[in-house]
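Participant: Encoded as structure tokens, here's the structure I'll be asking about.
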Amino acid sequence: MKLLLALACFFFAVSYSAYSAAAPQTFPTSAGEVKITPLYHASTLIEAGGKTIYLDPSKPAKFAGSPKADLILITDIHPDHMDPASIADVSKSGTDILAPPAVVATVTTAKPIANGETRTWQRWTVEAIPAYNINPTRGPAPGKLFHDKGRGNGYVLTYGGVRFYFSGDTEGVPEMRALKNIDVAFVCMNLPYTMPPDEAADAVKAFHPKIVIPYHYRGSDLSVFQKRLEGTGIEIRLLDWYPE
């Protein structure tokens, strides 16, 4: 009996460890399951209905053995989001690419989707949400911002009635705070490029998703984010976006 209990505890610990690291997350929808796998930093693999979507495929994420993309979504022009070599690695004949116009200037095979626009792709709805900085004291130079308003996109992806938000590089801007009916939110936090964990948590409180998953958080103290959201009823999932 003790052996069985020990084994049960062991397998629970292994299961929990895998879940809290980089295990794929699965979400039921009316159109079937959506599986989302962290790859690295902002690079994300999304699978549903036999289709494969990559968000911001970029090095050092590894794509060997991964399925080729039916759709690629790019959020901004910086190399941790727009990496032409990685885009080529995951592409196949017929791969669709949606990206902000500033990205299309480099990734010329992409179709533009600007802030505030909506596209339908297969069984997905893709909404482009503004992603930008508002605090000039964190910019690369006085009066300059790392992410200017109107250039980058976050995305709300809807499938089978479930709404997934990927923030892209942004602070807690009004457009984020005004989001409605978000089921799962992937929210960035890292200074000086986006925002600190406490500001990210305050923005999350404003639009109150059912589940929030920090991503693009290199160097951030996620315990601050967790503490700030205590008692809100929002489920926090911490995943390892920086595998060795």
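Residues are referred to by chain and number: the chain letter is A, B, ... according to the order shown in the structure tokens, the number counts from 1 in that chain, and ligands are numbered separately from 1 in the order shown.
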Excluding Thr232 in chain A and its own-chain neighbours fewer than 4 positions away, which residues fall within 9 Å of it when counting only C-alpha atoms? Please give them as JSON, numbers by chain.
Facilitator: {"A": [205, 208, 228]}
Participant: How would the residues just chosen look if you wrote them out with N, CA, C and O atoms as a PDB file, in the first residue's frame?
Facilitator:
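So out06.pdb came out as:
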ATOM      1  N   LYS A 205      -6.139  42.605 -14.636  1.00  0.00           N
ATOM      2  CA  LYS A 205      -7.319  42.810 -13.791  1.00  0.00           C
ATOM      3  C   LYS A 205      -8.412  43.562 -14.544  1.00  0.00           C
ATOM      4  O   LYS A 205      -9.602  43.293 -14.369  1.00  0.00           O
ATOM      5  N   HIS A 208      -9.848  41.056 -17.187  1.00  0.00           N
ATOM      6  CA  HIS A 208     -10.260  39.883 -16.413  1.00  0.00           C
ATOM      7  C   HIS A 208     -10.495  38.632 -17.271  1.00  0.00           C
ATOM      8  O   HIS A 208     -11.622  38.132 -17.367  1.00  0.00           O
ATOM      9  N   ARG A 228      -0.035  39.958  -7.234  1.00  0.00           N
ATOM     10  CA  ARG A 228      -0.928  41.072  -7.586  1.00  0.00           C
ATOM     11  C   ARG A 228      -2.308  40.573  -8.021  1.00  0.00           C
ATOM     12  O   ARG A 228      -3.285  41.306  -7.930  1.00  0.00           O
TER      13      ARG A 228
END
Participant: So that I can check the surroundings of range 115-129 of chain A, please list as an MDAnalysis selection string every protein, DNA and RNA residue that reaches within 7 Å of it, counting only C-alpha atoms and ignoring chain neighbours fewer than 3 positions away.
Facilitator: chainID A and resid 150 153:159
Participant: What would the file look like if the residues just selected were written as a PDB file, in the first residue's frame with N, CA and C atoms?
Facilitator:
ATOM      1  N   GLY A 150       0.563  51.896 -33.424  1.00  0.00           N
ATOM      2  CA  GLY A 150       0.171  51.685 -34.815  1.00  0.00           C
ATOM      3  C   GLY A 150       1.060  50.730 -35.579  1.00  0.00           C
ATOM      4  N   ASN A 153       1.101  44.503 -33.630  1.00  0.00           N
ATOM      5  CA  ASN A 153      -0.197  43.905 -33.303  1.00  0.00           C
ATOM      6  C   ASN A 153      -0.076  42.955 -32.129  1.00  0.00           C
ATOM      7  N   GLY A 154      -1.085  42.960 -31.266  1.00  0.00           N
ATOM      8  CA  GLY A 154      -1.450  41.772 -30.507  1.00  0.00           C
ATOM      9  C   GLY A 154      -2.558  41.106 -31.301  1.00  0.00           C
ATOM     10  N   TYR A 155      -2.969  39.923 -30.881  1.00  0.00           N
ATOM     11  CA  TYR A 155      -4.043  39.239 -31.616  1.00  0.00           C
ATOM     12  C   TYR A 155      -5.030  38.604 -30.642  1.00  0.00           C
ATOM     13  N   VAL A 156      -6.310  38.723 -30.968  1.00  0.00           N
ATOM     14  CA  VAL A 156      -7.342  37.905 -30.349  1.00  0.00           C
ATOM     15  C   VAL A 156      -7.755  36.875 -31.390  1.00  0.00           C
ATOM     16  N   LEU A 157      -7.567  35.611 -31.060  1.00  0.00           N
ATOM     17  CA  LEU A 157      -7.898  34.501 -31.949  1.00  0.00           C
ATOM     18  C   LEU A 157      -9.101  33.776 -31.359  1.00  0.00           C
ATOM     19  N   THR A 158     -10.146  33.634 -32.155  1.00  0.00           N
ATOM     20  CA  THR A 158     -11.366  32.975 -31.685  1.00  0.00           C
ATOM     21  C   THR A 158     -11.594  31.698 -32.467  1.00  0.00           C
ATOM     22  N   TYR A 159     -11.821  30.616 -31.736  1.00  0.00           N
ATOM     23  CA  TYR A 159     -12.047  29.306 -32.347  1.00  0.00           C
ATOM     24  C   TYR A 159     -13.076  28.574 -31.498  1.00  0.00           C
TER      25      TYR A 159
END
Participant: Report as a Markdown table: every residue of range 36-114 of chain A with an atom at most 12 Å from range 190-194 of chain A, its closest pair of atoms, and their distance in Å to one decimal, counting only C-alpha atoms, with rows sorted by chain and ascending residue number.
Facilitator:
| residue | atom | partner | partner_atom | distance |
| --- | --- | --- | --- | --- |
| A:His41 | CA | A:Asn190 | CA | 10.8 |
| A:Ala42 | CA | A:Asn190 | CA | 11.8 |
| A:His78 | CA | A:Tyr193 | CA | 11.1 |
| A:Asp80 | CA | A:Tyr193 | CA | 11.9 |
Participant: Just list the residues in range 3-244 of chain A DSSP gives strand (DSSP E or B) on the backbone, as JSON, numbers by chain.
Facilitator: {"A": [25, 26, 27, 34, 35, 36, 37, 38, 39, 40, 43, 44, 45, 46, 47, 48, 51, 52, 53, 54, 55, 71, 72, 73, 96, 97, 98, 99, 111, 112, 118, 119, 120, 121, 124, 125, 126, 127, 128, 129, 130, 131, 152, 153, 154, 155, 156, 157, 158, 159, 162, 163, 164, 165, 166, 184, 185, 186, 187, 211, 212, 213, 214, 235, 236]}
Participant: Check the smallest atom-to-atom distance from each of A:Glu47, A:Thr137, A:Gly152, A:Ala23 to Leu239 in chain A using only C-alpha atoms, then report the winner.
Facilitator: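 Answer, going by the shortest atom-to-atom distance: A:Ala23.
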Participant: My list of candidates is A:Ile211, A:Ile87, A:Val224, A:Ile77. Which is closest to Pro100 in chain A when distances are computed with only C-alpha atoms?
Facilitator: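 The closest residue to Pro100 in chain A is A:Ile77.
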Participant: May I have the residues within 8 Å of range 57-62 of chain A as a PyMOL selection string, using only C-alpha atoms and disregarding those fewer than 5 positions away in the same chain?
Facilitator: chain A and resi 39-40+42-44+72+74+79-83+85-87+90
